[in-house]
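Just below is one structure, and these are the notes that go with it.
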Amino acid sequence: MTIALDGTAPAPSHPRPWIGSLALRYAFRELRGGLNGFYVFIACIALGVLAIAGVGSVAASLHDGLTREGRTLLGGDAAFSLIQREATPQERAFLETRGQVSVAATLRGMVKAQSGEFALVEVKAVDNNYPMLGSVTLAPAMPTPDLLAQRDDAYGAAADPALLARLDLKLGDRVTIAGASFVIRSVIDAEPDKLAGGVGFGPRFLISVDALRATGLLQPGSLVRWTYRLKLPDAASDERATDALATEARAALPEAGWEIRSRGNASPQLERSIDRFTQFLTLVGLAALLVGGVGVANAVKSHIDRRRDSIATLKSLGATGREVFMIYLMQVVVLATIGSLIGLVIGGALPFIIANVFGKLLPLPIDPALHVGELALSLLYGLLTALAFGLWPLARVHDVPVARLFRDTIGSSGHWPRPRYLALMAAVIALLIAVVIGLAYDKLVAAVFVASSVVVFGLLRLVAAGVMRIARHLPRARSTMLRLAIGNIHRPGALTPSVVLSLGLGLTVLVTISQIDGNLRRQFLAALPEHAPSFFFVDIPATKADSFGEFLQTLAPGAHVERVPMLRGRITAANGVKAENLKPDSKTEWVLQSDRGLTYTNDIPRGSKVVEGTWWDPDYKGPPLVSLEKKIADGLGLKVGDSVTVNVLGRDITATVSNLRTVDWQSLGINFVLVFSPKTFAGAPHTHLATLSEPHPSAQGDATIIKAVASQYPMVTSVRVRDALRTVGTVVENLALAIRGASSVTLIAAVLVLGGALAAGHRHRVYDAVILKTLGATRARLIGAYALEYLMIGLATAVFGIIAGSFAAWMIVTRLMTLSFIWQAQSAATVVLGALVVTVGLGLIGTLAALNQKPAPVLRNL
């Protein structure tokens with residue numbers, strides 16, 4: 001065989017066996033020597049696939065659990081909900097002719113103990129048919145009719161253990177709600193339909209519907225949700241039958257205005273929350289994969305560097321560049337498959353582990369199973385990521401001449417891969433992007449993630465190039481250690497690009513998560529906004545609204561009292577298009593998913609600013625007008641002059657959009673998405689909502705206000721804002737904990753990649769250390785120089801991570817969450833310190849290994 005002058009072997013004239021089979025055979029032969037150098041590769045892919053497979057499998061198991069238990073969670077085959085009013089005889093008759101009906105009413109109330117202490121509770125009033133499905137777990141256990149029956153002058157009740165602890169109560173004690181007395185006969189351990197009711201701000205208090213009527217809380221317009229659960233005959237109990245029933249109910253009673261849920265969507269808000277949270281955690285898993293992709297590129301590059309003798313031998317024996325490429329491509333695919341399978345096994349087992357270890361503690365039903373679709377998608381993510389990052393170093397093998405492979409020991413080829421390989425890389429990356437965006441719950445968020453990842457990668461390359469350029473043009477330092485450190489940053493084959501890419505991505509994710517976490521904690525767990533009210537007062541009878549306001553001013557003379565009328569209603573149409581046929585954007589769809597608070601007024605509400613259109617005149621008496629919050633109007637595609645139809649108390653009311661407003665929601669003051677002209681709801685029964693803002697609130701003063709209001713106005717519910725925020729904050733804290741746990745996978749991947757990048761440069765470090773020691777450099781001076789090098793690279797990367805991560809967090813908090821953003825300096829400083837410790841620590845570990853090498857063997861092989 002002859003070799004061309006450029007060092008490449010000519011193509012053989014005889015036909016070759018199928019290239020894929022040959023490449024696979026050689027690939028496996030090379031891998032027989034072990035996976036040395038590929039452990040970081042496999043670990044990075046395994047971690048990313050584990051995160052995605054685990055999140056997807058757990059979410060799918062939760063969805064299966066909700067579907068399996070949907071009938072029990074809903075309390076029937078279908079549920080018909082009304083706000084502020086009970087079903088009419090006609091509506092009730094329609095339901096009772098279709099199956100068995102159970103009625104429940106929920107509202108907030110104030111419980112008074114015999115000690116005189118008050119507590120906010122979530123009252124749930126049920127009939128004797130409750131529960132039609134599942135069972136209420138009580139201690140002691142007893143039938144619902146016996147539990148709630150009236151005996152002597154008191155009704156029976158069951159309470160959440162938290163209420164007993166808060167008011168120092170025990171079984172058999174008496175409490176009062178407004179005008180009715182109750183004896184606590186049992187403690188509630190579990191409710192079968194609790195998840196369908198959403199998050200409450202107080203402990204549960206279970207009573208009968210008759211007892212609720214006796215309290216006097218059912219005033220005209222009171223914020224009571226009436227739910228009529230319908231259990232179909234067993235022969236007709238399936239999803240198709242419930243869908244047909246919902247369609248029939250809307251057609252037969254079009255103005256009922258009820259919210260209809262079937263067994264298939266027992267808790268739509270919960271399912272949407274699971275979907276959104278799953279997407280977010282999946283994106284965190286993808287971030288871990290992208291960070292791991294840098295490790296893949298480093299590992300492949302290092303492997304090719306170590307195998308140059310083998311590559312040269314193969315080419316000299318007649319292997320073409322394409323065949324060499326295929327051999328090492330097969331190795332990458334095999335190793336990526338190994339890593340992905342490790343991640344799939346652990347991720348697929350997560351639902352079973354969670355169900356067995358935490359099943360009894362979980363508030364959600366989980367149905368563990370192997371979800372082949374989720375696992376296949378995770379495998380696809382792993383393989384595509386490995387190919388996207390591994391193709392570039394692999395592609396450059398094709399055109400490297402044999403002579404250069406034998407001769408070169410330090411430098412690397414700087415040419416670009418051939419167009420065919422660039423096209424292949426582009427196709428793989430395009431497929432990866434299409435999968436990420438196409439299968440996302442919120443495609444806009446996924447697209448932003450993809451765009452941000454591309455931008456961050458590009459910026460990190462610029463940062464690395466900028467650091468090297470600055471180091472190259474710095475004045476010559478007098479200190480030998482500093483001069484050596486600066487030279488190492490920009491010399492050929494420097495670790496700077498690998499370290500910046502490895503560390504930068506992980507730090508950006510870490511800063512983003514920590515800044516979001518800090519702002520959420522500040523928003524819900526720290527101090528209240530400066531002008532936030534201390535109390536919300538709900539269900540103030542319209543006939544007593546004025547006297548109630550005066551009473552509050554007497555209780556707290558220096559406080560500011562704000563009071564507005566309040567109704568509840570559902571948006572049923574916009575511009576004549578039914579709500580179910582509207583296509584709002586993802587940020588606006590919530591406004592159509594349940595009833596909303598409504599009000600009417602002559603004046604522009606505080607905290608609102610009209611940005612389009614004009615406000616109606618104080619003496620306006622014409623057709624109904626409505627003011628819409630600007631972002632909601634944009635999401636629904638509405639503008640000034642369009643129409644909006646709402647169903648209030650079983651009556652459809654169509655109003656013309658008079659103006660659009662921006663609203664300062666963060667002040668926690670009274671404001672509404674929909675504000676109507678005063679005559680719109682003339683004669684409609686409703687209550688008022690009030691806030692009390694104290695200049696110097698105190699725990700003792702708050703307790704005094706709660707007692708006074710509950711005693712004087714027992715039908716009014718007092719909600720302490722700080723307590724409500726604490727409840728929301730607990731949910732946020734749990735979500736943040738899950739996010740931090742998921743993001744730790746990204747950080748582990750970043751550390752692994754950084755370690756792999758440093759390990760890839762170990763051979764060059766050995767050469768440097770041996771030559772410098774031969775020329776007289778001391779061990780301490782070399783350690784100092786390397787420490788300075790890693791410190792400067794780590795500091796530059798940390799600065800970028802803080803800037804990029806803070807910007808990403810600001811965008812998410814202000815644009816997606818619509819909350820205020822304050823930069824968390826302490827968490828940023830912690831990130832910088834951690835980055836420097838990790839970079840210098842890992843770098844010195846590798847350096848010490850290089851310094852321990854004996855000079856003679858290395859010098860003999862130079």
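Note on naming: chains are A, B, ... as they come in the structure tokens, residues start from 1 per chain, ligands start from 1 in the order shown.
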
Exercise for review: Write out as JSON, numbers by chain the residues lying within 10 Å of Ile366 (chain A), counting only C-alpha atoms and excluding same-chain residues fewer than 5 positions away.
Suggested key: {"A": [58, 59, 60, 61, 62, 63, 64, 65, 66, 67, 68, 69, 351, 352, 354, 355, 359]}

Review point. Of the candidates A:Val224, A:Pro419, A:Lys112, A:Asp238, which one gets nearest to Gly70 (chain A) if we count only C-alpha atoms?
Key: A:Asp238

**Study point:** Selection: 10 Å around Ala190 (chain A), only C-alpha atoms, excl. self and same-chain fewer than 3 positions, as a PyMOL selection string
**Key:** chain A and resi 135-138+160+187+193-194+363

Check your understanding: Which is closer to Lys544 (chain A) than all the others in A:Val103, A:Ala79, A:Arg204, A:Tyr713, using only C-alpha atoms?
Key -> A:Tyr713

**Study point:** Selection: 10 Å around Met481 (chain A), only C-alpha atoms, excl. self and same-chain fewer than 4 positions, as JSON, numbers by chain
**Key:** {"A": [477, 485, 486, 487, 777, 780, 781, 782, 783, 784, 785, 786, 787, 788, 789]}

Point to revise | Backbone-only DSSP, strand (DSSP E or B) members of region 99-257 of chain A, as a ChimeraX atom specification | key: /A:100-113,118-126,137-139,150-151,154-159,174-177,180-190,204-208,225-231

Practice item. Measuring atom to atom with only C-alpha atoms, identify which of A:Ala249, A:Ala139, A:Val709, A:Ala798 is nearest to Lys170 (chain A). Key: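 Closest residue, counting only C-alpha atoms: A:Ala139.
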
Point to revise | Residues near Leu431 (chain A), cut-off 8 Å, only C-alpha atoms, skip fewer than 4 positions along chain, as number ranges by chain | key: A: 384, 427, 435

Exercise for review: Measuring atom to atom with only C-alpha atoms, identify which of A:Tyr620, A:Phe280, A:Trp226, A:Phe681 is nearest to Gln84 (chain A).
Suggested key: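 Of the candidates, the smallest distance to Gln84 (chain A) is held by A:Trp226.
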
**Study point:** Contact residues around Thr654 (chain A) with only C-alpha atoms at 10 Å, ignoring same-chain residues under 4 positions, as a count of residues only
**Key:** 16

Exercise for review: Write out as an MDAnalysis selection string each polymer residue whose atoms come within 10 Å of Gln219 (chain A), counting only C-alpha atoms; drop sequence neighbours fewer than 4 positions from it.
Suggested key: chainID A and resid 84:85 213 223:224 539:542 685:687 715

Practice item. Apply DSSP to the backbone of this structure and, from region 25-81 of chain A, keep only the residues in alpha helix (DSSP H); write these as a PyMOL selection string. Key: chain A and resi 25-31+39-68+70-74

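Minimum atom-to-atom distances from A:Gly650, A:Ile346, A:Leu510, A:Val663 to Pro254 (chain A) were compared using only C-alpha atoms, and the lowest value belongs to A:Gly650.
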
Point to revise | Best match for closeness to Val123 (chain A) among A:Phe80, A:Phe205, A:Phe535, A:Tyr155, counting only C-alpha atoms | key: A:Phe205

Exercise for review: In Å, rounded to a single decimal, give me how far CA of Gln114 (chain A) is from CA of Leu147 (chain A).
Suggested key: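 These atoms are spaced 20.8 Å apart.
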